Each structure stands twice: as structure tokens, then as C-alpha cells.
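Below: target.txt (compact mmCIF, C-alpha atoms and all ligand atoms)
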# COMPACT_ATOMS: atom_id res chain seq x y z
CA MET A 159 0.00 0.00 0.00
CA SER A 160 1.57 3.29 -1.04
CA GLN A 161 1.85 6.18 1.34
CA ASN A 162 -0.71 8.98 1.14
CA LEU A 163 0.38 12.56 1.58
CA SER A 164 -2.97 14.31 1.56
CA SER A 165 -2.63 15.36 5.20
CA GLN A 166 0.86 16.81 4.54
CA LEU A 167 -0.52 18.63 1.51
CA GLU A 168 -3.30 20.08 3.61
CA GLU A 169 -0.96 21.06 6.41
CA TYR A 170 1.91 22.58 4.44
CA LEU A 171 0.41 24.00 1.26
CA PRO A 172 -1.20 27.43 1.48
CA GLN A 173 -4.99 27.18 0.96
CA GLN A 174 -4.87 28.86 -2.43
CA ILE A 175 -2.27 26.42 -3.75
CA LEU A 176 -4.03 23.41 -2.26
CA LYS A 177 -7.21 24.42 -4.04
CA LEU A 178 -5.31 24.88 -7.27
CA VAL A 179 -3.65 21.47 -7.23
CA ARG A 180 -6.99 19.85 -6.40
CA ASP A 181 -8.54 21.73 -9.32
CA ALA A 182 -5.69 20.57 -11.53
CA GLY A 183 -6.39 16.95 -10.54
CA GLU A 184 -10.10 17.33 -11.25
CA LYS A 185 -9.71 19.16 -14.54
CA ALA A 186 -7.16 16.60 -15.71
CA SER A 187 -9.59 13.81 -14.86
CA GLU A 188 -12.32 15.50 -16.89
CA LEU A 189 -9.91 15.71 -19.83
CA GLY A 190 -8.98 12.06 -19.42
CA GLN A 191 -5.47 12.97 -18.23
CA LYS A 192 -3.47 12.34 -15.07
CA VAL A 193 -1.49 14.98 -13.24
CA TYR A 194 1.17 14.67 -10.54
CA LEU A 195 3.07 17.02 -8.30
CA VAL A 196 6.76 16.16 -8.77
CA GLY A 197 10.33 17.03 -7.93
CA GLY A 198 11.46 19.65 -5.43
CA ALA A 199 7.98 20.42 -4.10
CA VAL A 200 7.44 16.81 -3.01
CA ARG A 201 10.90 16.62 -1.46
CA ASP A 202 10.35 19.86 0.42
CA LEU A 203 6.88 18.79 1.51
CA PHE A 204 8.45 15.86 3.37
CA LEU A 205 11.15 18.09 4.78
CA GLY A 206 8.72 20.81 5.82
CA ARG A 207 10.73 23.37 3.83
CA ALA A 208 9.02 26.23 2.03
CA ASN A 209 9.03 25.89 -1.76
CA PHE A 210 6.94 28.08 -4.00
CA ASP A 211 7.86 26.53 -7.34
CA PHE A 212 5.38 23.82 -8.08
CA ASP A 213 6.12 21.40 -10.87
CA LEU A 214 3.29 19.31 -12.27
CA VAL A 215 3.75 16.46 -14.71
CA VAL A 216 0.83 15.63 -16.96
CA GLU A 217 0.24 12.28 -18.59
CA GLY A 218 -1.57 13.81 -21.54
CA ASP A 219 -1.27 17.42 -22.69
CA ALA A 220 0.10 19.93 -20.20
CA ILE A 221 -0.74 22.96 -22.35
CA ARG A 222 -4.37 21.96 -22.69
CA LEU A 223 -4.66 21.47 -18.93
CA ALA A 224 -2.94 24.80 -18.20
CA GLN A 225 -5.35 26.59 -20.54
CA GLU A 226 -8.31 25.05 -18.70
CA LEU A 227 -6.90 26.11 -15.34
CA ALA A 228 -6.14 29.62 -16.57
CA LYS A 229 -9.76 30.13 -17.65
CA HIS A 230 -10.95 30.31 -14.08
CA SER A 231 -8.15 32.31 -12.51
CA ARG A 232 -6.18 35.52 -12.72
CA ALA A 233 -2.94 33.70 -13.46
CA LYS A 234 -0.70 34.73 -16.31
CA LEU A 235 -0.32 31.85 -18.76
CA THR A 236 2.85 31.25 -20.78
CA VAL A 237 3.08 28.25 -23.12
CA HIS A 238 5.98 26.60 -24.92
CA PRO A 239 4.39 24.34 -27.53
CA ARG A 240 7.79 23.03 -28.68
CA PHE A 241 8.48 21.64 -25.23
CA GLY A 242 4.91 20.76 -24.27
CA THR A 243 5.17 22.98 -21.20
CA ALA A 244 3.18 25.81 -19.68
CA LYS A 245 3.57 28.16 -16.76
CA LEU A 246 0.87 29.72 -14.65
CA SER A 247 2.23 32.71 -12.75
CA TYR A 248 0.40 34.03 -9.72
CA SER A 249 1.47 36.98 -7.62
CA ASN A 250 3.50 35.00 -5.08
CA PHE A 251 4.13 31.59 -6.61
CA SER A 252 4.15 29.77 -9.93
CA LEU A 253 2.93 26.49 -11.29
CA ASP A 254 4.91 24.77 -14.06
CA LEU A 255 3.11 22.13 -16.07
CA ALA A 256 5.02 19.73 -18.29
CA THR A 257 3.85 16.91 -20.46
CA ALA A 258 5.43 13.69 -19.15
CA ARG A 259 8.52 12.99 -21.23
CA ARG A 260 10.97 10.34 -22.14
CA GLU A 261 14.53 11.45 -22.69
CA THR A 262 17.43 9.85 -24.49
CA TYR A 263 20.99 11.16 -24.57
CA SER A 264 22.67 10.91 -27.97
CA GLN A 265 26.04 11.72 -26.39
CA PRO A 266 27.32 12.82 -22.99
CA GLY A 267 26.61 16.45 -22.20
CA ALA A 268 24.32 16.96 -25.19
CA LEU A 269 20.79 18.11 -24.52
CA PRO A 270 18.49 15.09 -24.54
CA THR A 271 16.09 14.08 -27.28
CA VAL A 272 12.59 14.36 -25.86
CA GLN A 273 9.42 12.40 -26.61
CA PRO A 274 6.07 12.25 -24.81
CA GLY A 275 6.02 9.47 -22.25
CA SER A 276 4.52 8.16 -19.04
CA LEU A 277 5.10 9.31 -15.47
CA THR A 278 7.54 6.43 -15.07
CA ASP A 279 9.54 7.67 -18.08
CA ASP A 280 9.50 11.13 -16.63
CA LEU A 281 10.75 10.05 -13.20
CA CYS A 282 13.56 7.83 -14.47
CA ARG A 283 15.24 10.75 -16.29
CA ARG A 284 15.60 12.74 -13.06
CA ASP A 285 18.74 13.56 -11.15
CA PHE A 286 18.39 12.11 -7.63
CA SER A 287 16.02 9.79 -5.83
CA ILE A 288 14.86 12.55 -3.47
CA ASN A 289 13.87 14.62 -6.53
CA ALA A 290 12.17 11.72 -8.31
CA MET A 291 9.05 11.32 -6.20
CA ALA A 292 5.58 12.23 -7.40
CA VAL A 293 2.25 12.78 -5.70
CA CYS A 294 -0.91 11.86 -7.62
CA LEU A 295 -3.50 14.63 -7.81
CA ALA A 296 -6.32 12.62 -9.42
CA PRO A 297 -9.45 12.98 -7.21
CA GLN A 298 -9.71 9.28 -6.33
CA ARG A 299 -6.00 8.93 -5.63
CA PHE A 300 -5.33 12.42 -4.29
CA GLY A 301 -2.10 12.48 -2.25
CA GLU A 302 -0.86 9.03 -3.25
CA LEU A 303 2.94 8.88 -3.31
CA VAL A 304 4.71 7.41 -6.35
CA ASP A 305 8.25 6.59 -5.23
CA LEU A 306 9.96 4.30 -7.73
CA TYR A 307 13.51 4.93 -6.49
CA ASN A 308 13.02 4.85 -2.71
CA GLY A 309 13.43 8.59 -2.45
CA LYS A 310 11.53 8.62 0.83
CA ASP A 311 14.05 6.24 2.44
CA ASP A 312 16.89 8.37 1.12
CA LEU A 313 15.25 11.48 2.57
CA ASP A 314 14.96 9.74 5.94
CA ASN A 315 18.59 8.64 5.74
CA GLN A 316 19.71 12.02 4.38
CA LEU A 317 21.27 10.62 1.23
CA ILE A 318 21.75 12.03 -2.28
CA ARG A 319 21.59 9.10 -4.67
CA ILE A 320 21.64 9.01 -8.48
CA LEU A 321 19.16 6.76 -10.25
CA HIS A 322 21.60 4.79 -12.40
CA PRO A 323 25.40 4.47 -12.76
CA ASN A 324 25.58 6.53 -15.99
CA SER A 325 23.67 9.48 -14.61
CA PHE A 326 26.63 11.86 -14.30
CA ILE A 327 27.87 10.82 -17.74
CA ASP A 328 24.49 11.55 -19.35
CA ASP A 329 24.39 14.98 -17.75
CA ALA A 330 27.37 16.19 -15.76
CA THR A 331 25.50 19.27 -14.50
CA ARG A 332 24.09 16.76 -12.01
CA ILE A 333 27.53 16.73 -10.38
CA LEU A 334 27.11 20.36 -9.39
CA ARG A 335 23.43 19.90 -8.55
CA GLY A 336 24.24 16.98 -6.27
CA LEU A 337 26.79 18.97 -4.30
CA ARG A 338 24.33 21.83 -4.01
CA TYR A 339 21.55 19.66 -2.55
CA GLU A 340 23.99 17.85 -0.30
CA GLN A 341 25.18 21.04 1.33
CA ARG A 342 21.83 22.82 1.31
CA LEU A 343 20.08 20.01 3.10
CA GLY A 344 23.02 18.86 5.23
CA PHE A 345 22.80 15.44 3.51
CA ARG A 346 25.55 13.16 2.26
CA LEU A 347 26.14 11.71 -1.19
CA GLU A 348 25.39 8.01 -0.95
CA PRO A 349 28.82 6.25 -1.12
CA LYS A 350 28.38 4.66 -4.55
CA SER A 351 27.05 7.95 -5.99
CA ALA A 352 30.01 9.79 -4.46
CA GLU A 353 32.40 7.31 -6.04
CA LEU A 354 30.75 7.74 -9.45
CA LEU A 355 30.80 11.50 -9.04
CA ARG A 356 34.58 11.43 -8.51
CA ARG A 357 34.97 9.05 -11.42
CA ASP A 358 32.91 11.22 -13.75
CA ALA A 359 34.03 14.71 -12.63
CA ALA A 360 35.91 15.10 -15.93
CA MET A 361 32.59 14.80 -17.77
CA LEU A 362 32.03 18.44 -16.86
CA ASP A 363 34.24 19.08 -19.89
CA THR A 364 31.31 17.92 -22.05
CA ILE A 365 29.02 20.67 -20.70
CA SER A 366 28.71 24.06 -22.39
CA GLY A 367 30.02 27.14 -20.59
CA ASP A 368 26.54 28.61 -20.30
CA ARG A 369 25.17 25.55 -18.54
CA ILE A 370 28.09 25.34 -16.14
CA ARG A 371 27.78 29.04 -15.37
CA HIS A 372 24.08 28.59 -14.72
CA GLU A 373 24.83 25.85 -12.18
CA LEU A 374 27.52 28.00 -10.57
CA GLU A 375 25.03 30.85 -10.31
CA LEU A 376 22.55 28.52 -8.59
CA ILE A 377 25.28 27.49 -6.15
CA LEU A 378 26.04 31.14 -5.41
CA LYS A 379 22.37 31.74 -4.59
CA GLU A 380 22.48 29.20 -1.78
CA ASP A 381 22.66 30.41 1.82
CA HIS A 382 26.18 28.95 2.18
CA PRO A 383 27.75 28.55 -1.27
CA GLU A 384 31.22 28.21 0.29
CA ARG A 385 30.23 24.82 1.69
CA VAL A 386 29.35 23.60 -1.80
CA LEU A 387 32.63 24.91 -3.22
CA ARG A 388 34.62 23.30 -0.41
CA ARG A 389 32.98 19.97 -1.04
CA ALA A 390 33.52 20.42 -4.79
CA ASP A 391 37.21 20.89 -4.08
CA GLU A 392 37.30 17.79 -1.88
CA LEU A 393 35.73 15.64 -4.60
CA GLY A 394 37.97 16.91 -7.42
CA VAL A 395 35.23 19.00 -9.06
CA MET A 396 36.51 22.51 -8.42
CA ASN A 397 39.57 22.01 -10.62
CA LYS A 398 37.30 20.99 -13.49
CA LEU A 399 35.87 24.51 -13.49
CA HIS A 400 39.46 25.75 -13.66
CA PRO A 401 42.61 23.92 -12.48
CA SER A 402 43.65 26.83 -10.25
CA LEU A 403 40.33 27.42 -8.49
CA LYS A 404 40.17 26.52 -4.82
CA GLY A 405 37.30 26.01 -2.42
CA ASN A 406 39.29 26.47 0.78
CA GLY A 407 39.12 28.04 4.24
CA TRP A 408 40.19 31.44 2.90
CA LEU A 409 37.28 31.48 0.46
CA SER A 410 34.83 30.41 3.19
CA GLU A 411 35.96 33.23 5.44
CA LYS A 412 35.68 35.82 2.66
CA PHE A 413 32.26 34.61 1.48
CA ASP A 414 31.01 34.86 5.02
CA GLN A 415 32.27 38.45 5.31
CA ALA A 416 30.80 39.32 1.90
CA ARG A 417 27.38 38.11 2.99
CA ARG A 418 27.42 40.19 6.17
CA LEU A 419 28.43 43.24 4.23
CA LEU A 420 25.70 42.99 1.59
CA LYS A 421 22.56 42.29 3.56
CA ARG A 422 20.12 43.65 1.05
CA THR A 423 21.67 43.03 -2.35
CA SER A 424 22.70 39.76 -3.96
CA PRO A 425 26.27 38.83 -3.05
CA SER A 426 26.76 36.72 -6.21
CA PRO A 427 28.94 39.16 -8.21
CA LEU A 428 31.09 39.78 -5.16
CA TYR A 429 31.44 36.04 -4.56
CA LEU A 430 32.69 35.66 -8.13
CA CYS A 431 35.29 38.40 -7.67
CA LEU A 432 36.50 36.60 -4.53
CA LEU A 433 36.45 33.22 -6.23
CA ILE A 434 38.96 34.35 -8.87
CA TYR A 435 40.99 36.51 -6.48
CA ASN A 436 43.98 34.19 -6.39
CA LEU A 437 44.07 33.45 -10.13
CA THR A 438 46.53 35.12 -12.49
CA ASN A 439 45.15 37.37 -15.23
CA LYS A 440 45.70 34.61 -17.73
CA GLU A 441 43.92 31.99 -15.62
CA ASN A 442 41.06 34.40 -15.05
CA GLU A 443 40.72 34.97 -18.79
CA GLN A 444 40.57 31.20 -19.34
CA PHE A 445 37.86 30.88 -16.69
CA LEU A 446 35.88 33.83 -18.10
CA SER A 447 35.83 32.37 -21.58
CA ARG A 448 35.18 28.77 -20.46
CA LEU A 449 32.06 29.85 -18.56
CA ASN A 450 31.16 32.56 -21.05
CA PHE A 451 30.53 35.20 -18.40
CA PRO A 452 28.46 38.17 -19.54
CA LYS A 453 30.32 41.47 -20.05
CA ARG A 454 29.35 43.16 -16.81
CA LEU A 455 30.50 40.30 -14.58
CA ALA A 456 33.63 39.71 -16.63
CA LEU A 457 34.53 43.38 -16.19
CA ALA A 458 34.09 43.22 -12.42
CA MET A 459 36.30 40.12 -12.26
CA ARG A 460 38.99 41.66 -14.48
CA HIS A 461 38.94 44.89 -12.48
CA THR A 462 39.37 42.86 -9.30
CA LEU A 463 42.72 41.54 -10.47
CA GLN A 464 43.81 44.86 -11.97
CA LEU A 465 43.11 46.71 -8.75
CA LYS A 466 44.87 44.02 -6.74
CA THR A 467 48.14 44.99 -8.43
CA GLN A 468 47.62 48.66 -7.43
CA LEU A 469 46.83 48.11 -3.76
CA HIS A 470 50.35 48.99 -2.54
CA SER A 471 49.73 52.63 -3.52
CA LEU A 472 46.65 52.68 -1.29
CA ALA A 473 48.41 51.55 1.88
CA ASN A 474 49.90 54.96 2.77
CA PRO A 475 47.98 56.32 5.80
CA GLN A 476 48.79 59.93 4.72
CA LEU A 477 46.70 59.70 1.53
CA LYS A 478 44.20 62.50 1.07
CA PRO A 479 40.62 61.60 0.10
CA SER A 480 41.23 63.08 -3.36
CA ASP A 481 44.24 60.74 -3.82
CA ILE A 482 42.04 57.77 -2.93
CA TYR A 483 39.35 58.97 -5.29
CA ARG A 484 41.80 59.33 -8.16
CA SER A 485 43.21 55.82 -7.61
CA LEU A 486 39.84 54.11 -7.49
CA HIS A 487 37.68 56.13 -9.81
CA GLY A 488 36.75 53.92 -12.80
CA TYR A 489 36.91 50.54 -11.04
CA THR A 490 33.59 48.73 -10.66
CA PRO A 491 32.31 48.75 -7.07
CA HIS A 492 32.32 44.93 -6.81
CA ALA A 493 36.01 44.85 -7.68
CA ILE A 494 36.74 47.45 -5.00
CA GLN A 495 34.61 45.58 -2.47
CA ALA A 496 36.37 42.30 -3.21
CA ASN A 497 39.76 43.94 -2.68
CA ALA A 498 38.57 45.56 0.55
CA LEU A 499 37.66 42.10 1.84
CA ALA A 500 40.72 40.32 0.49
CA SER A 501 43.44 42.83 1.32
CA GLU A 502 45.68 42.01 4.28
CA SER A 503 46.27 45.68 5.02
CA PRO A 504 43.77 47.44 7.32
CA ALA A 505 44.78 50.83 5.86
CA VAL A 506 44.02 49.64 2.33
CA SER A 507 40.67 48.18 3.37
CA ARG A 508 39.77 51.40 5.18
CA HIS A 509 40.59 53.50 2.13
CA LEU A 510 38.59 51.25 -0.18
CA GLN A 511 35.60 51.33 2.15
CA LEU A 512 35.84 55.11 2.47
CA TYR A 513 35.65 55.35 -1.31
CA LEU A 514 32.70 52.96 -1.55
CA THR A 515 30.62 54.46 1.23
CA LYS A 516 31.43 58.16 0.74
CA LEU A 517 33.94 59.45 -1.76
CA ARG A 518 32.37 58.01 -4.85
CA TYR A 519 29.20 60.04 -4.20
CA VAL A 520 30.94 63.37 -3.59
CA LYS A 521 30.25 65.99 -6.28
CA PRO A 522 30.76 69.78 -6.27
CA LEU A 523 27.55 71.77 -5.84
CA LEU A 524 28.47 74.22 -8.58
CA ASN A 525 28.34 73.02 -12.16
CA GLY A 526 29.70 74.36 -15.45
CA GLY A 527 26.67 76.59 -15.98
CA ASP A 528 27.11 78.16 -12.54
CA LEU A 529 30.75 78.93 -13.28
CA GLN A 530 29.86 80.53 -16.62
CA ARG A 531 27.25 82.69 -14.92
CA MET A 532 30.01 83.75 -12.53
CA GLY A 533 31.95 84.97 -15.55
CA PHE A 534 34.29 82.06 -16.33
CA PRO A 535 34.58 81.43 -20.07
CA SER A 536 33.64 77.97 -21.35
CA GLY A 537 36.44 75.72 -22.61
CA PRO A 538 39.00 73.29 -21.19
CA GLN A 539 39.82 75.72 -18.34
CA LEU A 540 36.31 75.28 -17.03
CA GLY A 541 36.75 71.50 -16.80
CA LYS A 542 39.98 71.96 -14.87
CA LEU A 543 38.27 74.34 -12.50
CA LEU A 544 35.48 71.86 -11.84
CA ASP A 545 38.06 69.12 -11.16
CA ALA A 546 39.84 71.37 -8.69
CA LEU A 547 36.52 72.14 -7.00
CA HIS A 548 35.72 68.43 -6.84
CA GLU A 549 39.09 67.82 -5.20
CA ALA A 550 38.55 70.59 -2.64
CA ARG A 551 35.18 69.14 -1.82
CA LEU A 552 36.57 65.57 -1.47
CA ASN A 553 39.18 66.89 0.96
CA GLY A 554 36.59 68.75 3.00
CA GLU A 555 38.03 72.18 2.17
CA VAL A 556 34.59 73.44 1.11
CA ARG A 557 31.25 72.34 2.47
CA THR A 558 28.57 74.77 1.24
CA ARG A 559 27.69 76.42 -2.03
CA GLU A 560 28.86 79.79 -0.67
CA GLU A 561 32.23 78.29 0.23
CA GLU A 562 32.57 76.87 -3.28
CA GLU A 563 31.75 80.27 -4.79
CA LYS A 564 34.25 81.99 -2.51
CA LEU A 565 36.95 79.50 -3.46
CA VAL A 566 36.55 79.96 -7.22
CA VAL A 567 36.55 83.71 -6.77
CA THR A 568 39.90 83.54 -4.92
CA TRP A 569 41.24 81.31 -7.69
CA ARG A 570 40.23 83.92 -10.26
CA GLN A 571 41.90 86.66 -8.29
CA THR A 572 45.17 84.73 -7.91
CA SER A 573 45.34 83.43 -11.52
P1 LIG A 601 15.35 23.75 -6.18
O1 LIG A 601 14.78 23.86 -4.80
O2 LIG A 601 16.83 23.90 -6.21
O3 LIG A 601 14.64 24.57 -7.23
P2 LIG A 601 14.16 21.57 -7.57
O4 LIG A 601 14.15 20.12 -7.20
O5 LIG A 601 12.88 22.29 -7.67
O6 LIG A 601 15.13 22.23 -6.51
P3 LIG A 601 14.73 22.42 -10.27
O7 LIG A 601 16.06 22.81 -10.79
O8 LIG A 601 13.69 23.45 -10.12
O9 LIG A 601 15.00 21.69 -8.88
O10 LIG A 601 14.23 21.22 -11.16
C1 LIG A 601 12.99 20.57 -10.94
C2 LIG A 601 13.13 19.07 -11.04
O11 LIG A 601 13.60 18.70 -12.33
C3 LIG A 601 14.14 18.46 -10.07
O12 LIG A 601 13.56 18.15 -8.83
C4 LIG A 601 14.61 17.23 -10.80
O13 LIG A 601 13.71 16.17 -10.58
C5 LIG A 601 14.51 17.62 -12.25
N1 LIG A 601 15.80 18.06 -12.79
C6 LIG A 601 16.29 19.31 -12.89
N2 LIG A 601 17.49 19.33 -13.47
C7 LIG A 601 17.79 18.06 -13.78
C8 LIG A 601 18.90 17.41 -14.42
N3 LIG A 601 19.96 18.09 -14.83
N4 LIG A 601 18.84 16.08 -14.57
C9 LIG A 601 17.77 15.37 -14.16
N5 LIG A 601 16.71 15.91 -13.54
C10 LIG A 601 16.71 17.24 -13.35
MG MG A 602 12.64 24.33 -8.36
What would the structure in this file look like if it were written as C-alpha cells?
Ligand code: ATP
Ligand code: MG
Amino acid sequence: MSQNLSSQLEEYLPQQILKLVRDAGEKASELGQKVYLVGGAVRDLFLGRANFDFDLVVEGDAIRLAQELAKHSRAKLTVHPRFGTAKLSYSNFSLDLATARRETYSQPGALPTVQPGSLTDDLCRRDFSINAMAVCLAPQRFGELVDLYNGKDDLDNQLIRILHPNSFIDDATRILRGLRYEQRLGFRLEPKSAELLRRDAAMLDTISGDRIRHELELILKEDHPERVLRRADELGVMNKLHPSLKGNGWLSEKFDQARRLLKRTSPSPLYLCLLIYNLTNKENEQFLSRLNFPKRLALAMRHTLQLKTQLHSLANPQLKPSDIYRSLHGYTPHAIQANALASESPAVSRHLQLYLTKLRYVKPLLNGGDLQRMGFPSGPQLGKLLDALHEARLNGEVRTREEEEKLVVTWRQTS
């Protein structure tokens, strides 16, 4: 007798979502289809963890079912006929519907060939047993667990287990996914899966840069990405991203500091700048092109290493604010932040922080127009005057508009 999760569904799912999945089950029945809740939502239901991405698998036609469901709600419907998938977006959660599929891999790392299939086909293509459970939503079988790979036992024993020995070869992104789940949930790779992961780490070479970068980005969104990177290092995975990358104690300490510093914004770009901090320029370039980083991130990472070579000039405690401004102006803030965290010198870190929190926002109150109205002719001289005013303001020599006006007047008199 299979386990029934209807009481867990009722307890953990918000009312609105519960009603929606029941509706989905009923509508599917009327259409002669079957629908199941699958993947992360089932796993997290057992674990009592919040998850607002609901994946439904439909034995039948997911788009048709999604259209039916959309008729009676305010959800935004997006369909992808080529993939047989649809998304219903509500204000605070989303429901993904996919037609059950069978996948075959023509070669390692290639995207799979997809055909419509049964729920069983759909579950056997999944990454780990804990992600391969389904809950039936059909009215007569509502809440019934389908667990073909003993995912529930693995959840109880806190194990990450692949479904077959070639899993990492078929799709090496699963290597990075496995480490991510292991560290997120505080689980352990099941010993045989861990052995296969080590064996197949080199299969990451078969994965495109974009897909690897996507997995790395997912890792960096975790609460403690440093744990994943440490484990990746331990299992010989880190050096497949680049031979010189390390997931060590230094990185853990810096990631932790980065997180504290940026409470409200995403620390991901800063994590990346710290990740490459101990690479050479050449190694960094290899990493940037392997993972095909977009321009903005690549720039922040390049600037990080460029600035690192200039830090000695920022260690002098006698530097004036305008000197600091001149040295740092033009570097992206993430690169400056990464150096502030990574530098061994407290004076350097202080100067970099001063720039980030204050100096970069300092501007003179007078502008070119004001100076012209005061009788200064336009031309390159005017630009120089504004720079000098900026400098005086950075160094706290003028504080008000009147003081700025007085200063330029004295300059005129002495020139
Ligand atoms: P998360 O909480 O990280 O979003 P999730 O389980 O919802 O976890 P998704 O990346 O949203 O993960 O994917 C949904 C489901 O699709 C997974 O639970 C898994 O069953 C399956 N899946 C995703 N990526 C792969 C893959 N590379 N190989 C096999 N199955 C995968
Ligand atoms: Mg998900």
C-alpha cells in the first residue's frame, strides 16, 4: 500500500495552492489525463521546507490542462508548444506544467532528445532519488505517493543518490546539482554515488560554458555557497571549473564576510570576484571564456585583479581623500569591495571602504553653468576648474555652495 500525503498537503500548502492542485487533478480527470506534483515540491513537503515553485507532470497534454486552469483564474499563462510545457504565474508563486517525457541522450553532455512518455519515463530521467518522487492529484487517488527509487528512504537517511550508474555521464550538470543539494540540506552523497561523481568529474568538460555558469550561479544563490565549493574541491570537481580554483578556508571566510556586508543586495557578483581573487590574469581569462561570463560580470572580475596589483599605492595612511578617489575612480564597485575584503592591510581596506561608502558620491555643488554665470569662459579651463573644485570638496576644504563660490573667486583673483 503506497503512502498517502494528503494530510501533509493540507498542512503545508497554502490554501490557495491546495485548491489549485486539487482543481488541476479534477480538470485533468475531466480531460482524461493524469497529473502529478513532482520534484522539489514533493521533497520539500516531506522536509517541511518552504518551496513556491510547483512542478506538475501531466500524462496527456500539459498545455491543454494549463489553458483550462487559466480560464478560471487571474494567473498569467505562458506556453511553450515546442516543449509541451506551460507556466501559470500568480502573484507570489508559480505552477509549471510539463507533459510527461521520455529522454534519451545521444552523447554525454548533449541536450536530450525528448518524446512524450509516461510518469515512469518522466521520473527515471531525473537527477536524484529525493527529486524523483511524485504525488498523484487525481481525485480518487489524491495524495498518493509514487516513489519508484526509494526517495523517501533516502530522505529519511539524508542521502543524495543518483538513479543509475551513468547518470553523471548523461548529464554532468548533475555533479554540481548533487553537491548543491547535499550542502543545502546537510545530507551526504550516498557512497556509490560519491564514487561515481569522482569518477565522472571530468565529464564536466562535455558541458557548455553557459550551462556550467548557470549551475555555478545557482550554487552562489544558496545560503552557504562556500560549503558547496569546499565539497567540490574535496571531490575533485573545483579544478574541473578551472585547475587553479580553490574552495578552501580562505574562500569560506571571505564569502562569510561578503554576505554580512551585503545584507540587502545579492552577493553573487562579489562572490565571483573573490572566487577568482587568487588566479593570475591569464587563468582568469581562461575561466571567463570557459564559462562565457556576460560582459558586466567579466569586467568586475577583471577589475578585481587589476586593482589588486595597485593596492600597494593605497596603503599609505597619509593619503588624502582626493588621492584615494583618483586611484579608485573607474573601477567597478564589486572589484573594490572584493579587494577591501581580500586585502591584508587594514589601511588599504579602510581607504577602499571610504571610497565605496562616501567618496564616490561626492560631487561639487556648482556646475559648469554656474561657473559661466560667474563669468568664467567655457572651454578646457572650465573643466579643470570643476576638477579642482571636486578635489577641494573631497578633501573637506569646502562644504557649502557659498564656500565653493568663494573659493573659485579667490582662484580667479590669484590666476
Ligand atoms: P530547487 O529547490 O533547487 O529549485 P528543484 O528540485 O525544484 O530544486 P529544479 O532545478 O527546479 O530543482 O528542477 C525541478 C526538477 O527537475 C528536479 O527536482 C529534478 O527532478 C529535475 N531536474 C532538474 N534538473 C535536472 C537534471 N539536470 N537532470 C535530471 N533531472 C533534473
Ligand atoms: Mg525548483
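Closest approach to ligand LIG 601 (chain A) among A:Glu563, A:Glu555, A:Asp213, A:Glu348: A:Asp213, based on all atoms listed in the file.
Once all atoms listed in the file are used for the distance check, the residues close to ligand MG 602 (chain A) at 12 Å turn out to be Val196, Gly197, Gly198, Ala199, Val200, Arg201, Asp202, Ala208, Asn209, Phe210, Asp211, Phe212, Asp213, Leu214, Phe251, Ser252, Leu253, Asp254, Asn289, Arg335, Tyr339 and Leu376 of chain A.
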Exercise. Which protein, DNA or RNA residues are at most 12 Å from (-9.4, 7.4, -5.8) in the file's coordinates when you count only C-alpha atoms, listed as an MDAnalysis selection string?
Worked result: chainID A and resid 162 164 183:184 187 294:302
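For the choices A:Leu303, A:Arg260, A:Leu529, A:Ile320, the atom-to-atom distance to Ile288 (chain A) is smallest for A:Ile320 when using all atoms listed in the file.
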Produce the centre coordinates and the three edge lengths, each in Å to one decimal, of the box along x, y and z that contains all listed atoms of region 335-352 of chain A with 8 Å added on each side, as JSON.
{"center_x": 25.0, "center_y": 13.7, "center_z": -1.7, "size_x": 25.9, "size_y": 34.2, "size_z": 29.8}
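The spacing separating CA of Met291 (chain A) from CA of Gln316 (chain A) amounts to 15.0 Å.
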Seminar exercise, completed: What separates atom O8 of ligand LIG 601 (chain A) and CA of Arg369 (chain A) is a distance of 14.4 Å
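Protein, DNA and RNA residues at most 12 Å from (32.5, 28.0, -26.4), with only C-alpha atoms, are these: Asp363, Thr364, Ile365, Ser366, Gly367, Asp368, Arg369, Ile370, Gln444, Phe445, Leu446, Ser447, Arg448, Leu449, Asn450 and Phe451 of chain A.
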For this session: Within 9 Å of Val237 (chain A), counting all atoms listed in the file, which residues show up once you throw out same-chain ones fewer than 2 positions away? Write them as a ChimeraX atom specification, please.
Result: /A:221,224-225,235,239-246
File of the preceding selection, C-alpha atoms, as a PDB file, in the coordinates of the input:
ATOM      1  CA  ILE A 221      -0.740  22.960 -22.350  1.00  0.00           C
ATOM      2  CA  ALA A 224      -2.940  24.800 -18.200  1.00  0.00           C
ATOM      3  CA  GLN A 225      -5.350  26.590 -20.540  1.00  0.00           C
ATOM      4  CA  LEU A 235      -0.320  31.850 -18.760  1.00  0.00           C
ATOM      5  CA  PRO A 239       4.390  24.340 -27.530  1.00  0.00           C
ATOM      6  CA  ARG A 240       7.790  23.030 -28.680  1.00  0.00           C
ATOM      7  CA  PHE A 241       8.480  21.640 -25.230  1.00  0.00           C
ATOM      8  CA  GLY A 242       4.910  20.760 -24.270  1.00  0.00           C
ATOM      9  CA  THR A 243       5.170  22.980 -21.200  1.00  0.00           C
ATOM     10  CA  ALA A 244       3.180  25.810 -19.680  1.00  0.00           C
ATOM     11  CA  LYS A 245       3.570  28.160 -16.760  1.00  0.00           C
ATOM     12  CA  LEU A 246       0.870  29.720 -14.650  1.00  0.00           C
TER      13      LEU A 246
END
